[in-house]
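One file, entry_24.cif, carrying mmCIF, C-alpha atoms and all ligand atoms:
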data_upload
#
loop_
_atom_site.label_atom_id
_atom_site.label_comp_id
_atom_site.auth_asym_id
_atom_site.auth_seq_id
_atom_site.Cartn_x
_atom_site.Cartn_y
_atom_site.Cartn_z
CA MET A 1269 43.10 199.22 169.81
CA ARG A 1270 46.29 199.48 171.88
CA THR A 1271 49.17 197.86 169.99
CA PRO A 1272 50.76 195.21 172.21
CA LEU A 1273 54.27 196.12 173.37
CA VAL A 1274 56.93 193.63 174.44
CA ILE A 1275 60.06 194.98 176.14
CA GLY A 1276 63.12 192.90 176.97
CA ASN A 1277 64.92 194.09 180.11
CA TRP A 1278 68.34 192.49 180.02
CA LYS A 1279 69.34 193.95 183.40
CA MET A 1280 73.06 193.52 184.19
CA HIS A 1281 73.58 190.72 181.70
CA GLY A 1282 75.73 190.53 178.64
CA THR A 1283 79.09 191.69 177.40
CA VAL A 1284 79.11 193.60 174.14
CA VAL A 1285 79.92 190.37 172.31
CA GLU A 1286 77.01 188.55 173.94
CA ALA A 1287 74.65 191.48 173.38
CA ARG A 1288 75.49 191.53 169.67
CA ALA A 1289 74.78 187.82 169.38
CA LEU A 1290 71.49 188.03 171.25
CA THR A 1291 70.35 191.06 169.24
CA THR A 1292 71.25 189.40 165.97
CA ALA A 1293 69.26 186.30 166.90
CA ILE A 1294 66.22 188.35 167.93
CA ARG A 1295 66.43 190.59 164.86
CA ASP A 1296 66.77 187.68 162.44
CA GLY A 1297 64.13 185.63 164.22
CA LEU A 1298 61.54 188.38 164.12
CA LYS A 1299 62.21 190.03 160.78
CA ARG A 1300 59.01 192.03 160.39
CA PRO A 1301 56.94 191.75 163.55
CA ARG A 1302 53.34 192.70 162.81
CA GLY A 1303 50.68 193.75 165.26
CA VAL A 1304 53.27 194.23 168.00
CA GLN A 1305 55.94 196.72 169.02
CA VAL A 1306 59.25 195.34 170.31
CA VAL A 1307 61.91 197.05 172.42
CA VAL A 1308 65.13 195.72 173.93
CA CYS A 1309 66.88 197.35 176.90
CA PRO A 1310 70.50 196.21 177.12
CA PRO A 1311 73.00 197.48 179.70
CA PHE A 1312 74.45 200.94 178.92
CA THR A 1313 77.74 199.44 177.78
CA ALA A 1314 76.03 197.50 174.98
CA LEU A 1315 73.67 200.21 173.71
CA ALA A 1316 75.88 201.38 170.86
CA ALA A 1317 76.58 197.87 169.63
CA VAL A 1318 72.94 196.81 169.87
CA SER A 1319 71.88 199.98 168.06
CA GLU A 1320 74.25 199.09 165.23
CA VAL A 1321 72.97 195.52 164.98
CA LEU A 1322 69.35 196.68 164.99
CA GLY A 1323 70.08 199.10 162.17
CA GLY A 1324 66.89 199.66 160.22
CA SER A 1325 65.05 196.85 162.01
CA PRO A 1326 61.63 197.69 163.50
CA ILE A 1327 62.91 196.56 166.91
CA GLN A 1328 63.58 199.64 169.00
CA LEU A 1329 66.22 200.41 171.59
CA GLY A 1330 65.63 201.32 175.21
CA ALA A 1331 67.68 201.95 178.34
CA GLN A 1332 67.07 200.56 181.81
CA THR A 1333 67.30 203.89 183.60
CA CYS A 1334 68.62 207.43 183.14
CA HIS A 1335 69.55 210.51 185.13
CA HIS A 1336 67.10 213.40 185.21
CA GLU A 1337 69.66 216.13 184.47
CA PRO A 1338 70.86 216.58 180.88
CA ALA A 1339 74.51 216.85 182.02
CA GLY A 1340 76.52 217.69 185.09
CA ALA A 1341 78.65 216.42 187.95
CA HIS A 1342 76.86 213.09 188.51
CA THR A 1343 79.53 210.44 188.55
CA GLY A 1344 78.47 207.18 186.98
CA GLU A 1345 75.19 208.48 185.60
CA VAL A 1346 73.89 208.62 182.02
CA SER A 1347 71.58 211.37 180.77
CA VAL A 1348 68.62 211.22 178.40
CA PRO A 1349 70.39 213.15 175.59
CA MET A 1350 73.24 210.63 175.80
CA LEU A 1351 70.71 207.82 175.36
CA ALA A 1352 68.99 209.62 172.52
CA GLU A 1353 72.31 209.97 170.73
CA LEU A 1354 72.61 206.18 170.80
CA THR A 1355 69.13 205.93 169.18
CA CYS A 1356 67.30 204.99 172.39
CA ARG A 1357 63.66 205.93 172.14
CA TRP A 1358 62.62 204.38 175.42
CA THR A 1359 63.79 204.05 178.97
CA LEU A 1360 62.51 202.15 181.95
CA VAL A 1361 61.98 204.37 184.98
CA GLY A 1362 61.57 203.27 188.58
CA HIS A 1363 62.17 199.57 188.16
CA SER A 1364 61.75 197.92 191.55
CA GLU A 1365 65.38 196.80 191.56
CA ARG A 1366 66.43 200.44 191.33
CA ARG A 1367 63.92 201.52 193.93
CA LYS A 1368 65.28 198.87 196.30
CA GLU A 1369 68.99 198.64 195.48
CA ILE A 1370 69.72 202.25 194.55
CA GLY A 1371 67.06 203.80 196.76
CA GLU A 1372 65.33 205.68 193.95
CA SER A 1373 62.52 207.68 195.49
CA ASP A 1374 59.16 208.48 193.94
CA GLU A 1375 60.32 212.12 193.70
CA VAL A 1376 63.43 211.25 191.69
CA ILE A 1377 61.40 208.88 189.55
CA ASN A 1378 59.02 211.74 188.76
CA LEU A 1379 61.97 213.93 187.71
CA LYS A 1380 63.17 211.13 185.45
CA VAL A 1381 59.77 210.68 183.82
CA ARG A 1382 59.70 214.41 183.08
CA ALA A 1383 63.25 214.41 181.72
CA VAL A 1384 62.53 211.46 179.44
CA LEU A 1385 59.39 213.09 178.06
CA SER A 1386 61.07 216.46 177.61
CA HIS A 1387 63.61 214.85 175.29
CA GLY A 1388 60.95 213.05 173.29
CA LEU A 1389 61.66 209.52 174.55
CA THR A 1390 59.03 207.26 176.06
CA PRO A 1391 59.25 206.51 179.79
CA VAL A 1392 58.09 203.11 180.98
CA LEU A 1393 57.12 203.82 184.56
CA CYS A 1394 57.30 200.68 186.70
CA VAL A 1395 55.11 200.16 189.75
CA GLY A 1396 54.42 197.15 191.91
CA GLU A 1397 53.90 195.88 195.42
CA THR A 1398 56.12 193.59 197.46
CA GLY A 1399 54.91 190.22 198.70
CA ASP A 1400 54.49 191.66 202.21
CA GLU A 1401 52.43 194.53 200.92
CA ARG A 1402 50.16 192.13 199.05
CA ARG A 1403 49.72 189.93 202.11
CA GLN A 1404 48.84 192.99 204.16
CA GLY A 1405 46.22 194.06 201.64
CA LEU A 1406 48.26 197.10 200.58
CA THR A 1407 48.62 196.33 196.89
CA PHE A 1408 46.34 199.11 195.67
CA ASN A 1409 47.73 201.66 198.13
CA THR A 1410 51.27 200.93 196.98
CA VAL A 1411 50.71 201.08 193.26
CA GLU A 1412 48.46 204.11 193.59
CA GLY A 1413 51.10 205.98 195.57
CA GLN A 1414 53.80 205.09 193.04
CA LEU A 1415 51.62 206.05 190.09
CA ARG A 1416 50.44 209.36 191.50
CA ALA A 1417 53.97 210.34 192.54
CA GLY A 1418 55.57 209.15 189.32
CA LEU A 1419 53.16 211.14 187.16
CA ALA A 1420 52.81 214.13 189.51
CA GLY A 1421 52.48 217.45 187.74
CA LEU A 1422 52.24 215.94 184.26
CA ALA A 1423 49.69 217.26 181.81
CA GLY A 1424 47.23 214.87 180.21
CA GLU A 1425 49.08 214.93 176.91
CA GLN A 1426 52.30 213.97 178.69
CA ILE A 1427 50.59 211.09 180.46
CA ALA A 1428 49.34 210.01 177.03
CA LYS A 1429 53.00 209.58 175.99
CA THR A 1430 53.96 207.29 178.86
CA VAL A 1431 53.78 203.54 179.24
CA LEU A 1432 53.15 201.86 182.57
CA ALA A 1433 54.45 198.52 183.73
CA TYR A 1434 52.81 196.68 186.58
CA GLU A 1435 55.54 194.54 188.07
CA PRO A 1436 54.66 192.87 191.36
CA VAL A 1437 58.01 192.59 193.14
CA TRP A 1438 57.21 189.08 194.38
CA ALA A 1439 56.84 187.90 190.77
CA ILE A 1440 60.12 189.30 189.44
CA GLY A 1441 62.72 186.66 188.76
CA THR A 1442 60.92 184.15 190.98
CA GLY A 1443 59.19 182.03 188.35
CA ALA A 1444 55.91 182.80 190.16
CA ASN A 1445 54.03 185.13 187.84
CA ALA A 1446 50.89 186.94 188.90
CA THR A 1447 47.80 185.16 187.64
CA PRO A 1448 46.10 186.83 184.69
CA ALA A 1449 43.27 187.79 187.04
CA GLN A 1450 45.67 189.38 189.56
CA ALA A 1451 47.39 191.36 186.81
CA ALA A 1452 44.08 192.45 185.30
CA GLU A 1453 42.73 193.56 188.67
CA VAL A 1454 45.66 195.87 189.42
CA GLN A 1455 46.01 197.08 185.85
CA GLY A 1456 42.33 197.93 185.68
CA TYR A 1457 42.79 199.90 188.87
CA LEU A 1458 45.75 201.77 187.38
CA ARG A 1459 43.72 202.60 184.30
CA GLY A 1460 40.99 204.00 186.51
CA LEU A 1461 43.57 206.27 188.13
CA LEU A 1462 44.78 207.39 184.71
CA SER A 1463 41.22 208.43 183.88
CA GLU A 1464 41.29 210.64 186.92
CA LEU A 1465 44.82 212.01 186.36
CA ALA A 1466 44.42 212.62 182.63
CA SER A 1467 41.04 211.76 181.09
CA LYS A 1468 38.99 208.71 180.30
CA GLU A 1469 39.99 208.99 176.64
CA ILE A 1470 43.70 209.20 177.41
CA ALA A 1471 43.47 206.35 179.91
CA GLN A 1472 42.11 204.16 177.14
CA THR A 1473 45.17 204.83 174.99
CA VAL A 1474 47.96 204.32 177.56
CA ARG A 1475 49.55 200.91 177.44
CA ILE A 1476 49.94 199.06 180.70
CA LEU A 1477 52.36 196.14 180.55
CA TYR A 1478 52.65 193.26 182.94
CA GLY A 1479 56.09 192.17 184.15
CA GLY A 1480 57.23 189.40 186.48
CA SER A 1481 58.24 185.92 185.32
CA VAL A 1482 56.66 186.25 181.88
CA LYS A 1483 57.59 183.26 179.70
CA ALA A 1484 56.33 181.90 176.41
CA GLU A 1485 54.31 179.38 178.48
CA ASN A 1486 52.29 181.94 180.42
CA ALA A 1487 52.26 184.83 177.93
CA ASP A 1488 49.09 183.73 176.13
CA ALA A 1489 46.94 183.75 179.25
CA LEU A 1490 48.36 187.05 180.53
CA LEU A 1491 48.11 188.83 177.19
CA ALA A 1492 44.55 187.63 176.66
CA GLU A 1493 43.46 189.91 179.51
CA PRO A 1494 41.99 193.09 178.01
CA GLU A 1495 43.90 195.16 180.59
CA VAL A 1496 47.29 193.62 179.76
CA ASP A 1497 48.77 195.50 176.81
CA GLY A 1498 52.06 193.69 176.63
CA ALA A 1499 54.93 192.38 178.70
CA LEU A 1500 58.10 193.60 180.35
CA VAL A 1501 60.29 190.54 180.21
CA GLY A 1502 63.44 190.00 182.27
CA GLY A 1503 64.94 186.52 182.41
CA ALA A 1504 63.19 185.15 179.33
CA SER A 1505 64.41 188.07 177.21
CA LEU A 1506 67.98 186.77 177.49
CA ASN A 1507 67.05 183.76 175.40
CA ALA A 1508 66.27 184.74 171.82
CA GLN A 1509 63.86 181.88 171.19
CA ALA A 1510 61.97 182.46 174.43
CA PHE A 1511 61.70 186.20 173.75
CA ILE A 1512 60.61 185.64 170.15
CA GLY A 1513 57.98 183.19 171.41
CA ILE A 1514 56.51 185.87 173.69
CA VAL A 1515 56.59 188.48 170.92
CA ARG A 1516 54.77 186.10 168.56
CA LYS A 1517 52.05 185.54 171.12
CA ALA A 1518 51.64 189.27 171.61
CA ALA A 1519 51.55 189.74 167.84
CA ARG A 1520 48.76 187.20 167.56
CA VAL A 1521 46.74 189.16 170.12
CA GLY A 1522 47.61 192.41 168.34
CA THR A 1523 46.45 191.10 164.99
CA ALA A 1524 43.38 189.19 166.13
CA GLY A 1525 42.30 191.60 168.90
CA LYS A 1526 40.73 190.69 172.21
CA GLU A 1527 37.11 189.89 172.83
P1 LIG A 1601 61.60 188.63 185.12
O1 LIG A 1601 61.91 190.20 185.30
O2 LIG A 1601 60.88 188.47 183.82
O3 LIG A 1601 62.93 187.96 185.16
O4 LIG A 1601 60.73 188.23 186.28
C1 LIG A 1601 60.99 191.17 184.91
C2 LIG A 1601 61.53 192.55 185.21
O5 LIG A 1601 62.16 192.74 186.25
O6 LIG A 1601 61.36 193.49 184.42
#
Would you write out, as structure tokens, the structure that this file holds?
Ligand code: PGA
Amino acid sequence: MRTPLVIGNWKMHGTVVEARALTTAIRDGLKRPRGVQVVVCPPFTALAAVSEVLGGSPIQLGAQTCHHEPAGAHTGEVSVPMLAELTCRWTLVGHSERRKEIGESDEVINLKVRAVLSHGLTPVLCVGETGDERRQGLTFNTVEGQLRAGLAGLAGEQIAKTVLAYEPVWAIGTGANATPAQAAEVQGYLRGLLSELASKEIAQTVRILYGGSVKAENADALLAEPEVDGALVGGASLNAQAFIGIVRKAARVGTAGKE
């Protein structure tokens, strides 16, 4: 029903030379992925080169963040039209590393989501609790606050064009992924909120990805959860074989369906 989506978030990894090599390996290894949609998000500096290597491949290009203004005096920033020019059709918004390291607020994240949508790209809004928040029983409060703020003021049809990623901060880059049950619990909660913010019908169409230490070894169990519509992959996306392994598992789910 919802086509599985696998996104590789390369973070601050890879020179242009390395990005070309990784993209070539992923492109050649996947050829014609069926039953799955695949996106790679290289650093800004490699976008043009990766776009060229992807060429007519079904693998799509995404960015890791963007500025909400189309242009202006914002030193060091990159706007959505600039990304679109490089054939980006996606961008992550509100990744926890940007919330924490750059201090991106929910308000700015909302502006970014709107900017991305207004230029016809797809925002992947990231939400997730820290380990402390989970221990204090605040998981649902945290993700609900981030979701409501991130999508504030959006019409139902705009929400229908977004993708969500549930990324528990304690699972990112730690090797300790959320269990399939933990991911499903939060993602089901997020989908309930989408029903309220948009409609039940729209909520059923929005893809909610899981991110946080996804590897080929744990992808099957995570993706088997009806609420998990794909994966946002960090570390494992830097290894072509590991990334391809995850995509293949998602494709199997996408072709066979879930119970
Ligand atoms: P990870 O990162 O797969 O290395 O845990 C995921 C992410 O931050 O998107």
Counting only C-alpha atoms and all ligand atoms, which of A:Val1346, A:Ile1294, A:Val1384, A:Cys1309 gets nearest to ligand LIG 1601 (chain A)?
A:Cys1309
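Distances to ligand LIG 1601 (chain A) were evaluated for A:Ala1471, A:Ala1439, A:Ala1508, A:Val1395 using all atoms listed in the file, and the minimum falls at A:Ala1439.
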Each residue of chain A lying at most 7 Å from ligand LIG 1601 (chain A) should get a row with its shortest atom-to-atom pair and the distance in Å to one decimal, counting all atoms listed in the file; could you produce that, ordered by chain and increasing number, as a tab-separated table?
residue	atom	partner	partner_atom	distance
A:Asn1277	CA	A:LIG1601	O6	5.6
A:Glu1435	CA	A:LIG1601	C2	6.9
A:Ala1439	CA	A:LIG1601	O4	5.9
A:Ile1440	CA	A:LIG1601	O4	3.4
A:Gly1441	CA	A:LIG1601	O4	3.5
A:Thr1442	CA	A:LIG1601	O4	6.2
A:Gly1443	CA	A:LIG1601	O4	6.7
A:Gly1479	CA	A:LIG1601	C1	5.1
A:Gly1480	CA	A:LIG1601	O4	3.7
A:Ser1481	CA	A:LIG1601	O4	3.5
A:Val1482	CA	A:LIG1601	O2	5.1
A:Leu1500	CA	A:LIG1601	O6	5.2
A:Val1501	CA	A:LIG1601	O2	4.2
A:Gly1502	CA	A:LIG1601	O2	3.4
A:Gly1503	CA	A:LIG1601	O3	3.7
A:Ala1504	CA	A:LIG1601	O2	6.0
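If only C-alpha atoms are the atoms counted, then among A:Ser1364, A:Thr1292, A:Asn1486, A:Gln1332 the closest residue to Lys1279 in chain A is A:Gln1332.
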Which residue of A:Gly1371, A:Pro1272, A:Gly1424, A:Gly1418 approaches Val1496 in chain A most closely, using only C-alpha atoms
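The shortest atom-to-atom distance to Val1496 in chain A comes from A:Pro1272.
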A:Arg1459, A:Glu1412, A:Val1454, A:Gly1362: which is nearest Ile1377 in chain A, counting only C-alpha atoms?
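For Ile1377 in chain A, the nearest of the given residues is A:Gly1362.
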Go through A:Gly1282, A:Gly1522, A:Pro1436, A:Gly1323 and flag the residue nearest Pro1301 in chain A, using only C-alpha atoms for the distances.
A:Gly1522
Surrounding residues of Val1318 in chain A excluding itself and chain neighbours under 6 positions, 12 Å, all atoms listed in the file, as a PyMOL selection string:
chain A and resi 1278+1282-1295+1307-1312+1324-1325+1327-1331+1354-1356
